[in-house]
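Engineer: Handing over final_6.pdb, PDB, C-alpha atoms, pLDDT in the B column.
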ATOM      1  CA  MET M   1     106.651  88.639 104.393  1.00 49.00           C
ATOM      2  CA  ARG M   2     105.422  86.723 101.383  1.00 49.00           C
ATOM      3  CA  ARG M   3     107.265  87.488  98.178  1.00 45.00           C
ATOM      4  CA  ALA M   4     104.010  87.422  96.186  1.00 52.00           C
ATOM      5  CA  ALA M   5     102.600  90.161  98.415  1.00 66.00           C
ATOM      6  CA  GLN M   6     105.749  92.262  98.004  1.00 77.00           C
ATOM      7  CA  PRO M   7     106.776  92.178  94.334  1.00 76.00           C
ATOM      8  CA  GLY M   8     110.497  92.387  93.718  1.00 82.00           C
ATOM      9  CA  ALA M   9     111.360  91.353  97.288  1.00 88.00           C
ATOM     10  CA  ASN M  10     114.467  89.310  97.935  1.00 91.00           C
ATOM     11  CA  ILE M  11     115.562  88.520 101.494  1.00 91.00           C
ATOM     12  CA  VAL M  12     119.348  88.738 101.477  1.00 92.00           C
ATOM     13  CA  GLU M  13     120.164  88.428 105.174  1.00 90.00           C
ATOM     14  CA  LYS M  14     118.086  86.722 107.822  1.00 89.00           C
ATOM     15  CA  GLY M  15     118.949  85.631 111.316  1.00 81.00           C
ATOM     16  CA  THR M  16     122.709  86.199 111.146  1.00 82.00           C
ATOM     17  CA  LYS M  17     122.921  89.348 113.279  1.00 86.00           C
ATOM     18  CA  ALA M  18     121.489  90.569 116.583  1.00 85.00           C
ATOM     19  CA  ASP M  19     120.693  87.067 117.867  1.00 85.00           C
ATOM     20  CA  GLY M  20     118.485  86.355 114.851  1.00 86.00           C
ATOM     21  CA  ARG M  21     116.405  89.516 115.222  1.00 88.00           C
ATOM     22  CA  TYR M  22     117.742  91.227 112.071  1.00 91.00           C
ATOM     23  CA  LEU M  23     116.453  90.930 108.499  1.00 91.00           C
ATOM     24  CA  ARG M  24     117.565  92.759 105.356  1.00 93.00           C
ATOM     25  CA  ALA M  25     115.702  92.668 102.066  1.00 92.00           C
ATOM     26  CA  GLU M  26     116.280  94.161  98.646  1.00 93.00           C
ATOM     27  CA  PHE M  27     113.343  95.394  96.609  1.00 90.00           C
ATOM     28  CA  VAL M  28     113.853  95.631  92.863  1.00 89.00           C
ATOM     29  CA  VAL M  29     111.791  98.432  91.352  1.00 83.00           C
ATOM     30  CA  PRO M  30     111.425  98.049  87.575  1.00 81.00           C
ATOM     31  CA  LYS M  31     112.643 101.002  85.565  1.00 74.00           C
ATOM     32  CA  SER M  32     109.899 103.475  84.766  1.00 70.00           C
ATOM     33  CA  LEU M  33     111.413 104.742  81.527  1.00 70.00           C
ATOM     34  CA  PRO M  34     112.422 102.769  78.428  1.00 73.00           C
ATOM     35  CA  PHE M  35     116.074 103.528  79.179  1.00 74.00           C
ATOM     36  CA  GLY M  36     118.108 103.258  82.354  1.00 72.00           C
ATOM     37  CA  SER M  37     118.113 100.373  84.799  1.00 79.00           C
ATOM     38  CA  ASP M  38     115.997  98.947  87.585  1.00 83.00           C
ATOM     39  CA  GLU M  39     116.223 100.649  90.963  1.00 84.00           C
ATOM     40  CA  ILE M  40     117.027  98.796  94.179  1.00 87.00           C
ATOM     41  CA  ASP M  41     115.769  99.732  97.623  1.00 89.00           C
ATOM     42  CA  ASP M  42     117.260  98.259 100.794  1.00 90.00           C
ATOM     43  CA  VAL M  43     114.970  97.642 103.759  1.00 90.00           C
ATOM     44  CA  GLU M  44     116.211  96.527 107.172  1.00 90.00           C
ATOM     45  CA  PHE M  45     114.179  95.274 110.131  1.00 88.00           C
ATOM     46  CA  LEU M  46     115.366  94.827 113.712  1.00 87.00           C
ATOM     47  CA  ILE M  47     113.093  93.244 116.301  1.00 84.00           C
ATOM     48  CA  ALA M  48     113.731  94.545 119.820  1.00 81.00           C
ATOM     49  CA  ALA M  49     115.354  92.167 122.282  1.00 81.00           C
ATOM     50  CA  PRO M  50     112.872  90.525 124.664  1.00 78.00           C
ATOM     51  CA  GLY M  51     112.167  92.722 127.660  1.00 75.00           C
ATOM     52  CA  GLN M  52     114.071  95.670 126.198  1.00 71.00           C
ATOM     53  CA  SER M  53     111.320  97.813 124.670  1.00 66.00           C
ATOM     54  CA  ASP M  54     107.883  99.245 125.231  1.00 65.00           C
ATOM     55  CA  PRO M  55     105.820  98.002 123.441  1.00 63.00           C
ATOM     56  CA  PRO M  56     107.486  94.617 123.939  1.00 63.00           C
ATOM     57  CA  SER M  57     107.339  93.583 120.261  1.00 68.00           C
ATOM     58  CA  LEU M  58     108.813  96.738 118.768  1.00 76.00           C
ATOM     59  CA  VAL M  59     110.222  96.415 115.244  1.00 81.00           C
ATOM     60  CA  ASP M  60     112.510  99.140 113.974  1.00 82.00           C
ATOM     61  CA  TYR M  61     112.921  99.513 110.223  1.00 83.00           C
ATOM     62  CA  HIS M  62     114.979 101.505 107.770  1.00 84.00           C
ATOM     63  CA  SER M  63     114.097 101.845 104.087  1.00 85.00           C
ATOM     64  CA  VAL M  64     116.412 103.607 101.645  1.00 84.00           C
ATOM     65  CA  SER M  65     117.131 103.757  97.921  1.00 84.00           C
ATOM     66  CA  ARG M  66     120.610 102.926  96.718  1.00 81.00           C
ATOM     67  CA  PRO M  67     122.736 105.804  95.423  1.00 74.00           C
ATOM     68  CA  GLY M  68     121.867 106.708  91.855  1.00 67.00           C
ATOM     69  CA  SER M  69     118.362 105.256  92.137  1.00 63.00           C
ATOM     70  CA  GLY M  70     116.614 108.424  93.206  1.00 65.00           C
ATOM     71  CA  ASP M  71     114.814 108.507  96.534  1.00 64.00           C
ATOM     72  CA  ASP M  72     111.071 108.054  96.330  1.00 75.00           C
ATOM     73  CA  VAL M  73     109.896 108.651  99.909  1.00 79.00           C
ATOM     74  CA  LYS M  74     106.301 107.860  98.953  1.00 82.00           C
ATOM     75  CA  ARG M  75     107.340 104.460  97.578  1.00 83.00           C
ATOM     76  CA  HIS M  76     109.114 103.618 100.870  1.00 84.00           C
ATOM     77  CA  ARG M  77     106.143 104.745 102.962  1.00 86.00           C
ATOM     78  CA  GLU M  78     103.651 102.741 100.880  1.00 87.00           C
ATOM     79  CA  ARG M  79     105.819  99.610 101.009  1.00 87.00           C
ATOM     80  CA  ILE M  80     106.133  99.704 104.811  1.00 85.00           C
ATOM     81  CA  LYS M  81     102.397 100.349 105.148  1.00 87.00           C
ATOM     82  CA  ALA M  82     101.646  97.328 102.923  1.00 87.00           C
ATOM     83  CA  ILE M  83     103.909  95.145 105.083  1.00 85.00           C
ATOM     84  CA  ARG M  84     102.172  96.351 108.268  1.00 84.00           C
ATOM     85  CA  VAL M  85      98.736  95.630 106.735  1.00 85.00           C
ATOM     86  CA  GLU M  86      99.886  92.160 105.646  1.00 85.00           C
ATOM     87  CA  LEU M  87     101.125  91.332 109.157  1.00 80.00           C
ATOM     88  CA  ALA M  88      98.066  92.715 111.007  1.00 80.00           C
ATOM     89  CA  PRO M  89      96.036  89.465 110.817  1.00 83.00           C
ATOM     90  CA  SER M  90      98.933  87.730 112.620  1.00 77.00           C
ATOM     91  CA  GLY M  91      98.564  90.072 115.590  1.00 72.00           C
ATOM     92  CA  TRP M  92     101.074  92.744 114.556  1.00 74.00           C
ATOM     93  CA  LYS M  93      99.956  96.330 114.950  1.00 69.00           C
ATOM     94  CA  SER M  94     101.386  99.725 114.223  1.00 69.00           C
ATOM     95  CA  VAL M  95     101.931 102.077 117.125  1.00 65.00           C
ATOM     96  CA  GLY M  96     102.786 105.020 114.914  1.00 63.00           C
ATOM     97  CA  ARG M  97     105.949 107.023 115.155  1.00 60.00           C
ATOM     98  CA  LEU M  98     107.767 106.684 118.453  1.00 54.00           C
ATOM     99  CA  LEU M  99     109.930 109.551 119.601  1.00 53.00           C
ATOM    100  CA  LEU M 100     112.467 108.118 121.999  1.00 50.00           C
TER     101      LEU M 100
END
Output the structure of this file as structure tokens.

Structural biologist:
Amino acid sequence: MRRAAQPGANIVEKGTKADGRYLRAEFVVPKSLPFGSDEIDDVEFLIAAPGQSDPPSLVDYHSVSRPGSGDDVKRHRERIKAIRVELAPSGWKSVGRLLL
């Protein structure tokens, strides 16, 4: 994930959990009103262990606003979609929602 492609992105944890398959990023969302403060969203990614999922390269993610920031579901959905689109040329593809 290139920071320029995802404004406000800051990777805060990478490769320290789940045998290096975990990544956590913070996304700073500038305040929309002249008062108040910026909002922060936390996004976590976990790549499935080799041989443990179908499809084999499954990536689970969780995107949530911090308490007090409001919860803009549309903003989360659009961010994840932009990340999927950015990764598509590298061979990543979306399989849609999996119900396990």

Engineer: Pick from M:His62, M:Arg79, M:Lys74, M:Arg84: nearest to Tyr22 of chain M, with only C-alpha atoms counted?

Structural biologist: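 Closest residue, counting only C-alpha atoms: M:His62.
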
Engineer: Rounded to one decimal, what separation in Å do you get between atom CA of Glu78 of chain M and atom CA of Gly8 of chain M?

Structural biologist: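 Between atom CA of Glu78 of chain M and atom CA of Gly8 of chain M the gap is 14.3 Å.
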
Engineer: Can you list, as a list in words, every protein, DNA or RNA residue that comes within 8 Å of segment 33-41 of chain M when you count all atoms listed in the file, leaving out same-chain residues fewer than 2 positions away?

Structural biologist: Glu26, Phe27, Val28, Val29, Pro30, Lys31, Val43, Ser63, Val64, Ser65, Arg66 and Ser69 of chain M

Engineer: Can you tell me how far atom CA of Pro50 of chain M sits from atom CA of Lys17 of chain M, in Å to one decimal?

Structural biologist: 15.2 Å

Engineer: Since I can't run it myself right now, could you work out what the PyMOL selection byres ((chain M and resi 45) around 7) selects here and report it as a list of chain:residue names?

Structural biologist: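 Matching residues under the PyMOL selection byres ((chain M and resi 45) around 7) are M:Tyr22, M:Leu23, M:Arg24, M:Val43, M:Glu44, M:Leu46, M:Ile47, M:Val59, M:Asp60, M:Tyr61, M:His62.
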
Engineer: So the first atom is atom CA of Ala49 of chain M and the second is atom CA of Arg21 of chain M; what is the distance between them in Å, to one decimal place?

Structural biologist: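 Between atom CA of Ala49 of chain M and atom CA of Arg21 of chain M the gap works out to 7.6 Å.
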
Engineer: Output the residue selection produced by the PyMOL selection byres ((chain M and resi 12) around 10) on the file above, formatted as a ChimeraX atom specification.

Structural biologist: /M:9-11,13-14,23-26,42

Engineer: May I have the selected residues written with C-alpha atoms, as a CSV table (one decimal), in the frame of the given file?

Structural biologist:
chain,number,residue,atom,x,y,z
M,9,ALA,CA,111.4,91.4,97.3
M,10,ASN,CA,114.5,89.3,97.9
M,11,ILE,CA,115.6,88.5,101.5
M,13,GLU,CA,120.2,88.4,105.2
M,14,LYS,CA,118.1,86.7,107.8
M,23,LEU,CA,116.5,90.9,108.5
M,24,ARG,CA,117.6,92.8,105.4
M,25,ALA,CA,115.7,92.7,102.1
M,26,GLU,CA,116.3,94.2,98.6
M,42,ASP,CA,117.3,98.3,100.8

Engineer: Restricting the calculation to all atoms listed in the file, which member of M:Ile83, M:Asp72, M:Ser90, M:Ala48 is positioned closest to Ala18 of chain M?

Structural biologist: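 When distances to Ala18 of chain M are compared using all atoms listed in the file, the smallest one comes from M:Ala48.
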
Engineer: I'd like to know which of M:Arg75, M:Ala82, M:Trp92, M:Thr16 is closest to Leu58 of chain M, using only C-alpha atoms.

Structural biologist: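 Counting only C-alpha atoms, the residue closest to Leu58 of chain M is M:Trp92.
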
Engineer: Draw an axis-aligned box tight on the listed atoms of segment 46-49 of chain M, then pad every side by 8 Å and write out centre and edge lengths in Å to one decimal as JSON.

Structural biologist:
{"center_x": 114.2, "center_y": 93.5, "center_z": 118.0, "size_x": 18.3, "size_y": 18.7, "size_z": 24.6}
